[in-house]
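A short worksheet on the structure shown next.
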Amino acid sequence: MTCSENHLQTAITEAEGHRAEQFWGWLKERGRRSRTISAYQTDWREFAAWYQQTSDEPFDLTRLTALDLNDYRSWGLTQQLAPSTINRRLGFFKHYASWGLEEGFVDATVFRAIKDVSLVRQQKLAPKALSQAEVRRLLKEVELRADARDQAIIYTLLYTGLRVGELAHLQMEDVQLSERKGTIVVWGAHAKGGKQREVPVPHEARQRLAAYLDQHPNGKGNLFLGQRGPLGEDAIGRIVGKYATWAELEGVTPHVLRHTFSYNYLEKTSNDLVGLANILGHDNVTTTQIYTQKPLGALQDEIEKVQFF
């Protein structure tokens, strides 16, 4: 047993360990990605360590209360944890408690109080995206250095707004291309919310995908392959990061390319939020409205115009 495993054993009850395993399995059955579940497990361990130290007893879901979550919220702020981290963990335990209610581990009155615990308020700014000049720098390096596969990956992410998990699970038959149009089918098990949708593929991405399909090593099965088989989300992220590094761009991930696509789509379509929501797979246009917010860089440019003398 490693030190971290031993530490976890003292931070939770034996029953809690078994209960958490049930919950991870329940999430997996409902199509949650392994990366998401791994993030939840980290949040669970971090909270359990704090709980054991604060309450002087090992963590157990059956004894979780709104008082614990409110105390954790306050502690997190004093420790200068990012509001997004605090809110993600609070959200996780609300979800965990909801499952516990259904399974009979959590009292209904206690759950209602947990559900009402407020999150940390955050300034709503638009997600990070690349400027037009930064996109050009990235694509220039892709053109100079990338093989057909990597070009297809980056152009598809940038021109369709697919999530990295959706891209990683694409099969050959999910891509339909012709000279004048193209479609990518995202199947429910790999789409957020479990719904199937069709995503149009514009000309620039069609060209790169077609070139890659012409030399696909198998001609069937998973679309994007590496030397050891299908590319996973982490591998795709490293591919994106590699070309971003050559372009001297920091913090560029597949999700940044998704955000970049979203801003560009709204700019070129007179703010067609409904269309963008359909492409991105958002159930509610309210979610898509975040792309109408100004990014921090734009606000910085605007605030420089403020003068008093």
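Each chain in the structure tokens gets a letter, A, B and so on, in the order shown; residues start at 1 in every chain, and ligands are counted from 1 in the order they appear.
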
Neighbours of Thr36 in chain A within 12 Å (only C-alpha atoms; same-chain residues fewer than 6 positions away dropped), as a list of chain:residue names?
A:Trp24, A:Leu27, A:Lys28, A:Thr42, A:Asp43, A:Arg88, A:Phe92, A:Gly165, A:Lys192, A:Glu233

Expected answer as a ChimeraX atom specification: helix (DSSP H, G or I) residues in range 168-278 of chain A
/A:168,172-174,188-190,192-194,203-214,233-246,254-268,273-278

In terms of the shortest atom-to-atom distance over only C-alpha atoms, which of A:Phe47, A:Phe224, A:Trp99, A:Phe93 is closest to Asp150 in chain A?
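When distances to Asp150 in chain A are compared using only C-alpha atoms, the smallest one comes from A:Phe224.
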
Closest atom pairs, range 47-136 of chain A residues within 10 Å of range 260-263 of chain A, only C-alpha atoms, as CSV:
```
residue,atom,partner,partner_atom,distance
A:Ala126,CA,A:Tyr263,CA,9.5
A:Pro127,CA,A:Thr260,CA,8.9
A:Lys128,CA,A:Thr260,CA,7.8
A:Ala129,CA,A:Thr260,CA,4.6
A:Leu130,CA,A:Thr260,CA,5.7
A:Ser131,CA,A:Thr260,CA,7.8
A:Gln132,CA,A:Thr260,CA,9.1
A:Val135,CA,A:Thr260,CA,8.6
```

Those of range 119-183 of chain A in DSSP strand (DSSP E or B), formatted as a PyMOL selection string
chain A and resi 171+175-177+182-183

Could you take the residues named above and write them with N, CA and C atoms, as a PDB file, in the first residue's frame?
```
ATOM      1  N   GLN A 171     -15.449   7.215 -35.398  1.00  0.00           N
ATOM      2  CA  GLN A 171     -15.169   6.062 -36.246  1.00  0.00           C
ATOM      3  C   GLN A 171     -15.144   6.523 -37.710  1.00  0.00           C
ATOM      4  N   VAL A 175     -17.807   9.899 -40.476  1.00  0.00           N
ATOM      5  CA  VAL A 175     -17.413  11.047 -41.312  1.00  0.00           C
ATOM      6  C   VAL A 175     -17.897  10.828 -42.742  1.00  0.00           C
ATOM      7  N   GLN A 176     -18.721  11.733 -43.206  1.00  0.00           N
ATOM      8  CA  GLN A 176     -19.237  11.683 -44.576  1.00  0.00           C
ATOM      9  C   GLN A 176     -18.816  12.967 -45.291  1.00  0.00           C
ATOM     10  N   LEU A 177     -18.025  12.813 -46.359  1.00  0.00           N
ATOM     11  CA  LEU A 177     -17.488  13.981 -47.050  1.00  0.00           C
ATOM     12  C   LEU A 177     -17.805  13.924 -48.540  1.00  0.00           C
ATOM     13  N   GLY A 182     -19.947  18.279 -45.940  1.00  0.00           N
ATOM     14  CA  GLY A 182     -19.441  17.201 -45.099  1.00  0.00           C
ATOM     15  C   GLY A 182     -20.199  17.164 -43.787  1.00  0.00           C
ATOM     16  N   THR A 183     -20.238  15.987 -43.175  1.00  0.00           N
ATOM     17  CA  THR A 183     -20.950  15.810 -41.918  1.00  0.00           C
ATOM     18  C   THR A 183     -20.179  14.858 -41.015  1.00  0.00           C
TER      19      THR A 183
END
```

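Counting only C-alpha atoms and comparing A:Phe308, A:Tyr40, A:Trp187, A:Tyr159, the residue that lies closest to Asn264 in chain A is A:Tyr159.
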
Given the choices A:Glu173, A:Pro202, A:Val256, A:Leu77, which gets closest to Asn222 in chain A if the distance is worked out from only C-alpha atoms?
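Counting only C-alpha atoms, the residue closest to Asn222 in chain A is A:Glu173.
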
Against range 209-214 of chain A, which residues of range 151-177 of chain A fall within 9 Å? For each one I want the closest pair of atoms and the distance in Å (one decimal), counting only C-alpha atoms, rows by chain and increasing residue number, as JSON lines.
```
{"residue": "A:Gln151", "atom": "CA", "partner": "A:Leu209", "partner_atom": "CA", "distance": 8.0}
{"residue": "A:Ala152", "atom": "CA", "partner": "A:Leu209", "partner_atom": "CA", "distance": 4.9}
{"residue": "A:Ile153", "atom": "CA", "partner": "A:Leu209", "partner_atom": "CA", "distance": 8.1}
{"residue": "A:Tyr155", "atom": "CA", "partner": "A:Leu209", "partner_atom": "CA", "distance": 8.3}
{"residue": "A:Thr156", "atom": "CA", "partner": "A:Leu209", "partner_atom": "CA", "distance": 7.6}
{"residue": "A:Met172", "atom": "CA", "partner": "A:Leu213", "partner_atom": "CA", "distance": 8.3}
{"residue": "A:Val175", "atom": "CA", "partner": "A:Leu209", "partner_atom": "CA", "distance": 8.7}
{"residue": "A:Leu177", "atom": "CA", "partner": "A:Ala210", "partner_atom": "CA", "distance": 7.3}
```

Any idea what's packed within 9 Å of range 48-50 of chain A, counting only C-alpha atoms, ignoring anything in its chain fewer than 2 positions away? Could you give it as a ChimeraX atom specification?
/A:7-8,10-12,43-46,52-55,58-60,72

So that I can check the surroundings of Thr288 in chain A, please list as a ChimeraX atom specification every protein, DNA and RNA residue that reaches within 9 Å of it, counting only C-alpha atoms and ignoring chain neighbours fewer than 5 positions away.
/A:262,273-274,276-277,280,282

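Taking CA of Glu14 in chain A and CA of Val117 in chain A as endpoints, the distance between them is 27.0 Å.
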
I'd like to know which of A:Ile279, A:Ser118, A:Thr160, A:Glu248 is closest to Glu198 in chain A, using only C-alpha atoms.
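Nearest to Glu198 in chain A: A:Ile279.
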
Closest of A:Ile37, A:Leu266, A:Leu69, A:Ala148 to Gln215 in chain A, counting only C-alpha atoms, is A:Ala148

Which residues come within 8 Å of Phe105 in chain A, counting only C-alpha atoms, excluding same-chain residues fewer than 5 positions away, as a list in words?
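Counting only the stated atoms, we get Leu61, Thr62 and Gly100 of chain A.
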
Go ahead and write the residues just picked, C-alpha atoms, as a compact mmCIF listing (two decimals), in the first residue's frame.
```txt
# COMPACT_ATOMS: atom_id res chain seq x y z
CA LEU A 61 -21.30 10.28 2.95
CA THR A 62 -23.98 9.32 5.47
CA GLY A 100 -26.91 8.88 -1.99
```

Closest of A:Leu139, A:Ala20, A:Ala39, A:Leu257 to Tyr96 in chain A - atom-to-atom distances counting only C-alpha atoms
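When distances to Tyr96 in chain A are compared using only C-alpha atoms, the smallest one comes from A:Ala20.
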